[in-house]
Structure formats: C-alpha cells, structure tokens
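Below: the structure, in structure tokens.
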Amino acid sequence: MALKLVQEAPLQDADLVREAIAGNPLSFQLLVERYQGRLFALARHYTSSPVEVEDIVQDTFLKAYSRLDTFQHQSAFYTWLYRIATNTVLDFLKRRGRCPVQAVEDPELAGSPETDRRIVRPDARLERQEVAEITHAILEGMPEIFRTVLVMRELEEMAYQEIADVLDISIGTVESRLFRARARFKERLVTQYPEFAQGINE
Amino acid sequence: MNCKHARPLVPLYVDGELTSVQSAELRPHLLSCPACRSLAQAEQSLHAWFVPTDEIPVPAGFAAHVARRAVAGDTGSKRPLAPVEGSGHEHSEPILQFVLHALAVAAIALVVASIAMRRLDQPAAEELKAHESQALDASLFALDQINREELRAASIFNPQGAQEGSSGR
Ligand SMILES: [Zn+2]
C-alpha cells in the first residue's frame with residue numbers, strides 16, 4: 001500500500017508541505033489541486049450554493065497555508081486539512097446564522113425506543129435528488145454538533161476514529177453523538193415529512 | 001448474548017465499527033431476536049437518506065488562484081462573506097451581467113480614487129495614507145470579486161470554454 005503510493009505519487013504530502021513552507025508556491029498549488037475536489041464535495045454537504053462552496057474551500061486553503069508551519073506531520077495532511085475545513089464550515093454556518101449551536105447534552109434528543117425501531121426508508125416514489133433535498137433540509141435545521149457527525153459518517157463515510165481525530169473528541173463521544181444525531185434526524189423526518197418517511201414498526 | 005448487551009452494539013454493528021469477534025458474538029442474537037433485528041434494520045434504513053448530491057465542479061484555475069492569494073498573505077478568515085442572496089439560486093444571465101458591470105464600475109472608481117488620493121498626497125498627511133491604503137484594499141477586493149464572478153460565469157455558461165490556466169488572474 002505505502003509502496004504503491006510512492007510509485008503513483010512521487011511527491012508525498014509531507015514533502016509538498018515542507019517545500020511550501022520553504023517558499024515554493026507551486027508546492028502549495030499542487031496540494032490544493034490534490035484536495036480541492038474532496039473539499040468541494042465536503043462543503044457541498046453543507047450548502048448547495050456554488051458561490052458559498054467556493055468561498056468555504058478557498059478560506060480553508062488560505063487558513064491552511066497561513067498556519068502550515070503548525071502542521072505536525074503526526075496525522076495525515078488530509079485529516080489536518082479536513083479539520084480546518086470543518087472549522088471553516090462551522091464558522092460559516094455561525095456567521096450565516098442558519099444553524100443552532102446549542103443542545104449539547106439534551107436527554108430529550110436521545111430518542112425514544114419507538115423512534116429507534118422505526119424504519120424510515122425514503123418513499124420509492126422519490127427521485128434521488130428529492131431524497132437529497134429532504135435530507136439537506138433536515139440537516140440544515142440540526143445543531144452543528146449533530147450535523148457534522150452525520151455528514152462525516154453518512155455522507156463522507158468516515159470511520160469513528162477518523163471522525164474522532166478531526167473533531168478532536170473521543171471515540172465514545174463520536175458514538176454517543178452519532179446515536180443522538182440519528183435519533184433526532186429520524187424524529188424530524190417522521191414529523192416533517194410523514195408522507196415520504198412513514199415509520200414502519202416491524 | 002441478551003438484548004441488554006446487544007442493543008448498544010447494534011449501531012456499531014451497522015457502521016462496521018465492531019471487531020470481527022464482537023460481530024461474531026452479536027450476529028446469532030440478531031438472527032434469533034426480532035426486536036434487536038428490527039433495531040438493526042431501522043439503523044440501516046436511515047442510511048438510504050444519505051445519497052450523493054449533484055457535484056459542484058471546481059472552477060478552472062482555482063488552485064493557482066488560491067495559491068497566489070495564499071502566498072500574497074491572504075489568511076482567509078477576515079474576508080467578508082460574498083454578497084449572495086440566499087443560496088442555491090442560479091443567477092440569471094442578465095442579473096449576473098449587471099452585477100459584473102456594477103462591480104467593474106465600482107472597482108474602477110475605487111482605483112481611480114486611490115490614484116487621485118495618491119496624487120493629492122502633497123501635504124504628506126499620515127491620515128491620508130491610511131485612507132489610501134483602505135481604498136486600495138477595497139478596490140483590490142472588488143477586483144478580486146470580479147475575477148471570481150467572471151470565472152464562475154465562464155464555468156456556468158460556457159463549461160467547455162473555460163480552459164485550464166486561461167483565467168488570466
Ligand atoms: Zn435482542
């Protein structure tokens with residue numbers, strides 16, 4: 001695996017970072033090219049506006065460059081970059097005032113046993129894009145701490161450990177946050193879109 | 001394994017976060033217990049809502065543009081948000097043209113103003129210099145906005161026409 005990477009990409013992230021710090025702008029451009037697609041996809045999970053997506057990604061790279069010397073080489077460059085991107089997104093959501101920040105430890109959000117067992121598959125009549133729009137609308141109204149874990153797990157398909165690294169929290173916290181985030185997501189689905197997300201109790 | 005032990009493991013099982021030993025222990029219980037099995041199905045059903053969305057393409061020349069700004073000392077966080085009305089709305093072409101035009105006029109005015117101020121800088125007042133640099137910052141920002149809008153317009157209205165590296169910034 002490592003050997004394969006060396007063959008395919010002779011310039012490792014760490015090398016490019018070192019060269020960029022040494023003052024080679026092309027090295028940084030190569031890093032941007034390497035990860036711009038993934039960051040565009042990431043930002044897209046939080047907004048559907050191309051202008052906003054571009055702003056978030058640009059801001060992320062500019063912040064990353066300005067503190068490139070703080071990159072410790074202990075984690076993967078992308079993990080580090082992803083963390084900056086997530087902070088940029090949170091900052092952006094805060095400034096836009098779209099997303100409630102509160103509700104950190106609300107036991108009511110834990111969901112009820114009935115909700116847990118409810119099967120909320122998207123209605124077969126829905127087009128893929130319609131499903132995506134409903135999901136996006138529900139995520140929009142969720143507190144940031146839940147929204148970020150859902151995006152990371154369900155859309156980015158990151159492992160718990162990766163989520164923990166990016167958010168700088170323990171795996172146990174990832175677990176409980178994700179659990180509560182899903183319960184709340186489900187609750188909203190069945191209350192806001194009962195016609196498409198019928199709760200089937202089996 | 002009983003339900004009390006199985007329940008908290010179900011989300012982890014669905015997420016593929018259990019070790020193979022733990023999974024092997026849980027599986028027989030899921031097969032024999034309808035309650036825990038439906039819990040697992042409920043967890044799985046949620047995943048179907050998270051479908052890939054339409055991609056937003058990276059504009060041509062984006063990396064070069066960002067690298068240039070980064071090297072020029074732009075740290076990103078202090079810039080105001082782009083003046084976008086709402087989100088997810090496509091600009092109609094005439095409005096975009098108008099915005100581009102208005103921005104261009106504003107930028108030229110600012111550049112002219114800053115040059116004029118520099119000419120007037122005879123009394124060598126410190127405050128004038130402060131104003132000048134502010135005006136210059138503003139005009140650079142406005143110019144940058146135009147560049148970005150142009151690039152975006154090129155990629156929206158002429159996806160094939162925007163060639164790599166021809167953004168001219
Ligand atoms: Zn059971």
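Just remember, in the structure tokens the first chain shown is A, the second B, etc., residues are 1-based per chain, and ligands are 1-based in the order shown.
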Discussion item. So that I can check the surroundings of region 4-10 of chain B, please list as a PyMOL selection string every protein, DNA and RNA residue that reaches within 9 Å of it, counting only C-alpha atoms and ignoring chain neighbours fewer than 3 positions away.
Written reply: chain B and resi 1+13-15+18+22-23+26+29-30+36-37+39-40+43
Item to complete: Kindly work out which residues sit at most 6 Å from ligand 1, using only C-alpha atoms and all ligand atoms, and give the list as number ranges by chain.
Response: B: 2-3, 33, 35-36
Resulting file, chosen residues, N, CA and C atoms, as a short mmCIF file (atom, residue, chain, number, x, y, z; two decimals), in the first residue's frame:
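Below is the file again23.cif, written as the result:
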```
data_model
loop_
_atom_site.label_atom_id
_atom_site.label_comp_id
_atom_site.auth_asym_id
_atom_site.auth_seq_id
_atom_site.Cartn_x
_atom_site.Cartn_y
_atom_site.Cartn_z
N ASN B 2 -27.60 -11.30 25.54
CA ASN B 2 -29.00 -10.90 25.69
C ASN B 2 -29.23 -9.49 25.13
N CYS B 3 -30.49 -9.09 25.09
CA CYS B 3 -30.86 -7.80 24.49
C CYS B 3 -30.14 -6.62 25.14
N CYS B 33 -33.36 -12.78 17.59
CA CYS B 33 -34.18 -11.80 18.33
C CYS B 33 -34.80 -10.77 17.38
N ALA B 35 -36.67 -8.18 17.95
CA ALA B 35 -36.59 -6.80 18.43
C ALA B 35 -35.26 -6.16 18.06
N CYS B 36 -34.17 -6.86 18.34
CA CYS B 36 -32.85 -6.32 18.02
C CYS B 36 -32.61 -6.29 16.52
#
```
Practice prompt. For chain B, report every residue with an atom at most 8 Å from chain A (counting only C-alpha atoms), formatted as a PyMOL selection string.
Written response: chain B and resi 11-12+17+38-39+41-43+45-58+63-64+66-71+73-77+81-82+84+87-89
For the residues in that selection, give me C-alpha atoms as an mmCIF file, in the first residue's frame.
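Saved to result_8.cif:
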```cif
data_model
loop_
_atom_site.group_PDB
_atom_site.id
_atom_site.type_symbol
_atom_site.label_atom_id
_atom_site.label_comp_id
_atom_site.auth_asym_id
_atom_site.auth_seq_id
_atom_site.Cartn_x
_atom_site.Cartn_y
_atom_site.Cartn_z
ATOM 1 C CA PRO B 11 -25.409 0.944 15.741
ATOM 2 C CA LEU B 12 -21.736 0.000 15.835
ATOM 3 C CA GLU B 17 -17.192 -0.496 13.839
ATOM 4 C CA SER B 38 -35.618 -4.601 13.665
ATOM 5 C CA LEU B 39 -33.414 -2.155 15.516
ATOM 6 C CA GLN B 41 -32.917 -2.667 10.158
ATOM 7 C CA ALA B 42 -34.065 0.711 11.451
ATOM 8 C CA GLU B 43 -30.446 1.853 11.703
ATOM 9 C CA SER B 45 -32.894 2.266 6.788
ATOM 10 C CA LEU B 46 -31.644 5.680 7.785
ATOM 11 C CA HIS B 47 -28.587 5.354 5.601
ATOM 12 C CA ALA B 48 -30.774 5.322 2.468
ATOM 13 C CA TRP B 49 -31.499 9.014 3.054
ATOM 14 C CA PHE B 50 -27.884 9.963 2.576
ATOM 15 C CA VAL B 51 -27.479 9.827 -1.155
ATOM 16 C CA PRO B 52 -24.778 11.565 -3.168
ATOM 17 C CA THR B 53 -25.767 15.063 -4.252
ATOM 18 C CA ASP B 54 -25.007 16.768 -7.534
ATOM 19 C CA GLU B 55 -21.387 17.803 -7.584
ATOM 20 C CA ILE B 56 -20.271 21.390 -7.776
ATOM 21 C CA PRO B 57 -17.334 21.439 -10.188
ATOM 22 C CA VAL B 58 -14.067 23.052 -9.184
ATOM 23 C CA ALA B 63 -5.749 26.036 -7.313
ATOM 24 C CA ALA B 64 -3.479 28.593 -8.991
ATOM 25 C CA VAL B 66 -5.834 30.177 -4.228
ATOM 26 C CA ALA B 67 -2.079 29.548 -4.115
ATOM 27 C CA ARG B 68 -1.421 33.056 -5.409
ATOM 28 C CA ARG B 69 -3.637 34.595 -2.758
ATOM 29 C CA ALA B 70 -2.137 32.450 -0.036
ATOM 30 C CA VAL B 71 1.397 33.460 -0.963
ATOM 31 C CA GLY B 73 -0.621 36.823 2.588
ATOM 32 C CA ASP B 74 -4.389 36.383 2.465
ATOM 33 C CA THR B 75 -5.233 34.366 5.570
ATOM 34 C CA GLY B 76 -8.854 33.884 4.603
ATOM 35 C CA SER B 77 -10.709 34.360 7.835
ATOM 36 C CA LEU B 81 -18.826 36.879 3.058
ATOM 37 C CA ALA B 82 -19.583 37.081 -0.623
ATOM 38 C CA VAL B 84 -25.004 36.277 -2.125
ATOM 39 C CA SER B 87 -28.450 30.038 -1.508
ATOM 40 C CA GLY B 88 -28.984 27.519 -4.228
ATOM 41 C CA HIS B 89 -30.331 30.087 -6.673
#
```
